[in-house]
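K.L.:
Just passing along the structure, written as structure tokens.
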Amino acid sequence: QKEVEQDPGPLSVPEGAIVSLNCTYSNSAFQYFMWYRQYSRKGPELLMYTYSSGNKEDGRFTAQVDKSSKYISLFIRDSQPSDSATYLCAMFDRNSGYSTLTFGKGTMLLVSP
Amino acid sequence: GAVVSQHPSWVICKSGTSVKIECRSLDFQATTMFWYRQFPKQSLMLMATSNEGSKATYEQGVEKDKFLINHASLTLSTLTVTSAHPEDSSFYICSAPWTGVHEQYFGPGTRLTVT
């Protein structure tokens, strides 16, 4: 079992839809959970991070972490064509150092006008 | 957020030559920077951690003699791919943590093509 699993998609939705992107993981020691957006041929852009369980909201984006299920989600409200990109989740165990930083493969999102 | 730049954005080189990629933190100092490699439709793979004023820490399976890292100042880290081969062709991305690893900012990436 891979440490971080993420459906590669593509996920196609119409403009204005609510998008749900998810990752599952196996390492219960992960404490930080991050979401990045990556446009084609560009470096990833940090959207938000969450520490431990709970929700965090930033504009149209909401991140949720359920540590008991080892499951994290990113919700995008009122999706826009400019949201079309690959979304990467990432996780990190601060107690074990940099090498524990693990990325998912990313989910490609396509928002059609 | 913080800004990290990379240069060049795209480079083509011949097999056997060396290529240097620069990573700069533009508006903050970074004692640590990270170098990643990304193949198409694959996740980011951490290659090494670059430490200002000391040796880099390489991940398992990464050849330190092939991927030379130098972190000479608080705003600049360089990755040199020595004796490049076609299998080294990839997208190389650097990043620098701001408040911590959970909040790191990535450069725009460098696409290396070895012919």
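Identifiers for the structure tokens are assigned positionally: chains receive A, B, ... in sequence, residues are indexed from 1 per chain, and ligands are indexed from 1 in the order shown.
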Skipping near chain neighbours, those fewer than 3 positions away, what residues fall within 6 Å of region 37-54 of chain A using only C-alpha atoms, listed as JSON, numbers by chain?
P.N.:
{"A": [31, 32, 33, 34, 64, 65, 66, 67, 85, 86, 87], "B": [106, 107, 108, 109]}
K.L.:
Kindly save the residues from that selection, with C-alpha atoms included, as a PDB file, in the first residue's frame.
P.N.:
```pdb
ATOM      1  CA  GLN A  31       0.519  15.866  11.514  1.00  0.00           C
ATOM      2  CA  TYR A  32       0.570  18.475   8.759  1.00  0.00           C
ATOM      3  CA  PHE A  33      -1.598  18.200   5.705  1.00  0.00           C
ATOM      4  CA  MET A  34      -1.139  20.482   2.723  1.00  0.00           C
ATOM      5  CA  GLN A  64     -10.811  18.871   5.976  1.00  0.00           C
ATOM      6  CA  VAL A  65      -8.731  16.332   7.861  1.00  0.00           C
ATOM      7  CA  ASP A  66     -10.114  13.183   9.454  1.00  0.00           C
ATOM      8  CA  LYS A  67      -7.183  11.519  11.174  1.00  0.00           C
ATOM      9  CA  ALA A  85      -5.095  22.366 -12.666  1.00  0.00           C
ATOM     10  CA  THR A  86      -3.610  19.394 -10.870  1.00  0.00           C
ATOM     11  CA  TYR A  87      -4.152  19.368  -7.125  1.00  0.00           C
TER      12      TYR A  87
ATOM     13  CA  PHE B 106       8.099  26.344  -4.837  1.00  0.00           C
ATOM     14  CA  GLY B 107      10.003  27.722  -7.761  1.00  0.00           C
ATOM     15  CA  PRO B 108       8.471  27.549 -11.225  1.00  0.00           C
ATOM     16  CA  GLY B 109      10.548  24.514 -12.136  1.00  0.00           C
TER      17      GLY B 109
END
```
K.L.:
Using only C-alpha atoms, which protein or nucleic acid residues come within 12 Å of Gly9 (chain A)? Drop anything in the same chain fewer than 6 positions from it, and give the result as JSON, numbers by chain.
P.N.:
{"A": [20, 21, 22, 85, 86, 87, 88, 105, 106, 107, 108, 109, 110], "B": [41]}
K.L.:
Write out as number ranges by chain each polymer residue whose atoms come within 10 Å of Thr32 (chain B), counting only C-alpha atoms; drop sequence neighbours fewer than 5 positions from it.
P.N.:
B: 49-53, 56, 71, 74-77, 95-98, 100-101
K.L.:
Which residue out of B:Ser54, B:Thr17, B:Gln38, B:Gln29 has the minimum interatomic distance to chain A when only C-alpha atoms are used?
P.N.:
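Using only C-alpha atoms, the shortest distance to chain A belongs to B:Gln38.
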K.L.:
Go through A:Asn27, A:Trp35, A:Gly16, A:Ser79 one by one, measure the shortest atom-to-atom distance of each to Phe103 (chain A) using only C-alpha atoms, and give the residue with the smallest value.
P.N.:
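Closest candidate: A:Trp35.
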K.L.:
Can you work out which one of B:Ser18, B:Gln60, B:Thr31, B:Ser73 has the shortest atom-to-atom distance to chain A, counting only C-alpha atoms?
P.N.:
B:Gln60
K.L.:
Write out as a ChimeraX atom specification each polymer residue whose atoms come within 12 Å of region 65-69 of chain B, counting only C-alpha atoms; drop sequence neighbours fewer than 5 positions from it.
P.N.:
/B:16-23,32-37,47-59,76-85,88,92,94
K.L.:
Mind dumping the selected residues with N, CA and C atoms as a compact mmCIF listing (two decimals), in the first residue's frame?
P.N.:
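Final file, result17.txt:
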```
# COMPACT_ATOMS: atom_id res chain seq x y z
N GLY B 16 26.25 13.66 -21.57
CA GLY B 16 27.63 13.77 -21.12
C GLY B 16 28.02 15.13 -20.61
N THR B 17 27.21 16.13 -20.87
CA THR B 17 27.52 17.47 -20.39
C THR B 17 26.88 17.71 -19.03
N SER B 18 27.23 18.83 -18.41
CA SER B 18 26.69 19.18 -17.10
C SER B 18 25.79 20.39 -17.21
N VAL B 19 24.80 20.44 -16.35
CA VAL B 19 23.84 21.53 -16.35
C VAL B 19 23.65 22.04 -14.93
N LYS B 20 23.66 23.36 -14.78
CA LYS B 20 23.44 23.95 -13.47
C LYS B 20 22.10 24.65 -13.43
N ILE B 21 21.36 24.39 -12.36
CA ILE B 21 20.06 25.02 -12.15
C ILE B 21 20.14 25.85 -10.87
N GLU B 22 19.66 27.09 -10.96
CA GLU B 22 19.71 27.98 -9.80
C GLU B 22 18.34 28.14 -9.17
N CYS B 23 18.33 28.22 -7.86
CA CYS B 23 17.10 28.44 -7.11
C CYS B 23 17.34 29.59 -6.14
N THR B 32 17.44 26.55 4.46
CA THR B 32 17.17 25.22 3.89
C THR B 32 16.37 25.38 2.61
N MET B 33 16.73 24.62 1.63
CA MET B 33 15.95 24.54 0.40
C MET B 33 15.84 23.08 0.01
N PHE B 34 14.83 22.75 -0.75
CA PHE B 34 14.61 21.38 -1.17
C PHE B 34 14.65 21.28 -2.69
N TRP B 35 15.16 20.16 -3.16
CA TRP B 35 15.15 19.89 -4.59
C TRP B 35 14.30 18.66 -4.86
N TYR B 36 13.40 18.81 -5.83
CA TYR B 36 12.50 17.73 -6.21
C TYR B 36 12.66 17.41 -7.69
N ARG B 37 12.18 16.23 -7.99
CA ARG B 37 12.14 15.80 -9.37
C ARG B 37 10.73 15.31 -9.63
N MET B 47 14.56 14.92 -3.73
CA MET B 47 15.90 14.43 -4.06
C MET B 47 16.88 14.70 -2.92
N ALA B 48 16.84 15.93 -2.43
CA ALA B 48 17.83 16.32 -1.44
C ALA B 48 17.39 17.57 -0.71
N THR B 49 17.96 17.73 0.46
CA THR B 49 17.76 18.93 1.27
C THR B 49 19.05 19.71 1.24
N SER B 50 18.95 20.95 0.82
CA SER B 50 20.12 21.82 0.69
C SER B 50 20.23 22.70 1.94
N ASN B 51 21.39 22.68 2.56
CA ASN B 51 21.59 23.44 3.79
C ASN B 51 22.66 24.50 3.59
N GLU B 52 22.33 25.71 3.92
CA GLU B 52 23.26 26.81 3.74
C GLU B 52 24.51 26.61 4.59
N GLY B 53 25.65 26.62 3.95
CA GLY B 53 26.92 26.52 4.66
C GLY B 53 27.34 25.11 5.05
N SER B 54 26.58 24.12 4.64
CA SER B 54 26.96 22.74 4.95
C SER B 54 26.55 21.82 3.81
N LYS B 55 26.88 20.55 3.97
CA LYS B 55 26.60 19.59 2.90
C LYS B 55 25.10 19.32 2.79
N ALA B 56 24.71 19.01 1.57
CA ALA B 56 23.31 18.64 1.35
C ALA B 56 23.04 17.24 1.88
N THR B 57 21.79 17.00 2.17
CA THR B 57 21.35 15.67 2.60
C THR B 57 20.56 15.05 1.46
N TYR B 58 21.03 13.91 0.98
CA TYR B 58 20.40 13.27 -0.18
C TYR B 58 19.46 12.16 0.27
N GLU B 59 18.39 12.01 -0.46
CA GLU B 59 17.45 10.92 -0.20
C GLU B 59 18.03 9.62 -0.74
N LEU B 76 20.40 31.49 -2.20
CA LEU B 76 20.73 30.79 -3.46
C LEU B 76 21.18 29.37 -3.20
N SER B 77 20.55 28.44 -3.90
CA SER B 77 20.98 27.06 -3.93
C SER B 77 21.09 26.65 -5.39
N THR B 78 22.09 25.84 -5.71
CA THR B 78 22.24 25.38 -7.09
C THR B 78 22.30 23.86 -7.13
N LEU B 79 21.73 23.33 -8.19
CA LEU B 79 21.76 21.90 -8.46
C LEU B 79 22.47 21.71 -9.79
N THR B 80 23.56 20.95 -9.77
CA THR B 80 24.28 20.66 -11.01
C THR B 80 24.11 19.20 -11.34
N VAL B 81 23.57 18.95 -12.50
CA VAL B 81 23.45 17.58 -12.99
C VAL B 81 24.69 17.30 -13.82
N THR B 82 25.53 16.42 -13.32
CA THR B 82 26.80 16.15 -13.99
C THR B 82 26.67 14.95 -14.93
N SER B 83 27.42 15.01 -16.01
CA SER B 83 27.41 13.93 -17.01
C SER B 83 25.98 13.46 -17.27
N ALA B 84 25.20 14.39 -17.73
CA ALA B 84 23.77 14.11 -17.90
C ALA B 84 23.52 13.03 -18.94
N HIS B 85 22.50 12.23 -18.70
CA HIS B 85 22.06 11.19 -19.63
C HIS B 85 20.58 11.39 -19.93
N ASP B 88 18.00 11.36 -17.26
CA ASP B 88 17.96 12.47 -16.32
C ASP B 88 16.95 13.53 -16.75
N TYR B 92 12.65 19.56 -12.78
CA TYR B 92 13.30 19.76 -11.49
C TYR B 92 12.73 21.01 -10.83
N CYS B 94 12.61 23.39 -7.16
CA CYS B 94 13.15 23.67 -5.83
C CYS B 94 12.07 24.32 -4.99
```
K.L.:
May I ask which of the residues A:Ser112, A:Ser69, A:Ser28, A:Thr62 is the closest one to Asp83 (chain A), counting only C-alpha atoms?
P.N.:
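Among the listed residues, A:Ser112 lies closest to Asp83 (chain A).
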K.L.:
Report, in Å with one decimal, the straight-line distance from CA of Thr115 (chain B) to CA of Ile12 (chain B).
P.N.:
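Distance between the two atoms: 7.3 Å.
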K.L.:
Give me the residues near Thr100 (chain A) as a tab-separated table (two decimals) with all heavy atoms, in the first residue's frame, where near means some atom within 9 Å (using only C-alpha atoms) and where sequence neighbours in that chain fewer than 4 positions away do not count.
P.N.:
```
chain	number	residue	atom	x	y	z
A	30	PHE	N	1.56	11.34	10.51
A	30	PHE	CA	1.47	12.61	9.80
A	30	PHE	C	0.67	13.61	10.64
A	30	PHE	O	-0.39	13.29	11.18
A	30	PHE	CB	0.80	12.45	8.44
A	30	PHE	CG	1.65	11.79	7.41
A	30	PHE	CD1	1.10	10.85	6.54
A	30	PHE	CD2	2.98	12.12	7.25
A	30	PHE	CE1	1.88	10.23	5.57
A	30	PHE	CE2	3.77	11.51	6.28
A	30	PHE	CZ	3.21	10.56	5.44
A	91	MET	N	1.78	15.51	2.94
A	91	MET	CA	1.69	15.27	4.37
A	91	MET	C	3.08	15.21	4.97
A	91	MET	O	4.04	14.86	4.29
A	91	MET	CB	0.97	13.96	4.63
A	91	MET	CG	-0.39	13.97	3.98
A	91	MET	SD	-1.17	12.39	3.96
A	91	MET	CE	-2.51	12.76	2.83
A	92	PHE	N	3.14	15.47	6.26
A	92	PHE	CA	4.46	15.61	6.89
A	92	PHE	C	4.38	15.28	8.37
A	92	PHE	O	3.42	15.68	9.05
A	92	PHE	CB	4.91	17.05	6.66
A	92	PHE	CG	6.15	17.47	7.40
A	92	PHE	CD1	7.34	16.81	7.19
A	92	PHE	CD2	6.11	18.52	8.30
A	92	PHE	CE1	8.49	17.20	7.85
A	92	PHE	CE2	7.25	18.91	8.98
A	92	PHE	CZ	8.44	18.27	8.75
A	93	ASP	N	5.39	14.55	8.84
A	93	ASP	CA	5.53	14.26	10.27
A	93	ASP	C	6.69	15.08	10.79
A	93	ASP	O	7.85	14.74	10.54
A	93	ASP	CB	5.76	12.76	10.47
A	93	ASP	CG	6.13	12.43	11.91
A	93	ASP	OD1	5.93	13.26	12.81
A	93	ASP	OD2	6.63	11.31	12.13
A	94	ARG	N	6.41	16.14	11.48
A	94	ARG	CA	7.46	17.06	11.94
A	94	ARG	C	8.46	16.38	12.86
A	94	ARG	O	9.64	16.72	12.87
A	94	ARG	CB	6.82	18.25	12.66
A	94	ARG	CG	7.82	19.32	13.09
A	94	ARG	CD	7.13	20.51	13.69
A	94	ARG	NE	6.37	20.19	14.87
A	94	ARG	CZ	5.67	21.07	15.57
A	94	ARG	NH1	5.60	22.33	15.17
A	94	ARG	NH2	5.01	20.72	16.64
A	96	SER	N	9.71	13.49	12.65
A	96	SER	CA	10.60	12.55	11.97
A	96	SER	C	11.41	13.21	10.86
A	96	SER	O	12.17	12.52	10.18
A	96	SER	CB	9.81	11.37	11.42
A	96	SER	OG	9.20	10.65	12.47
```
K.L.:
Enumerate, as a PyMOL selection string, the complete set of residues in chain A that a backbone-based DSSP assignment places in strand (DSSP E or B).
P.N.:
chain A and resi 4-5+11-14+19-25+32-38+45-51+54-58+61-66+71-76+85-92+102-103+107-112
K.L.:
Point out the residue among B:Thr113, B:Glu87, B:Ile93, B:Pro40 with the least atom-to-atom distance to chain A, counting only C-alpha atoms.
P.N.:
B:Ile93
K.L.:
Skip Ala2 (chain B) itself and residues of its chain fewer than 2 positions away, then list as a VMD selection string all residues within 9 Å of it, counting only C-alpha atoms.
P.N.:
chain B and resid 4 25 to 28 96 98 104 to 105
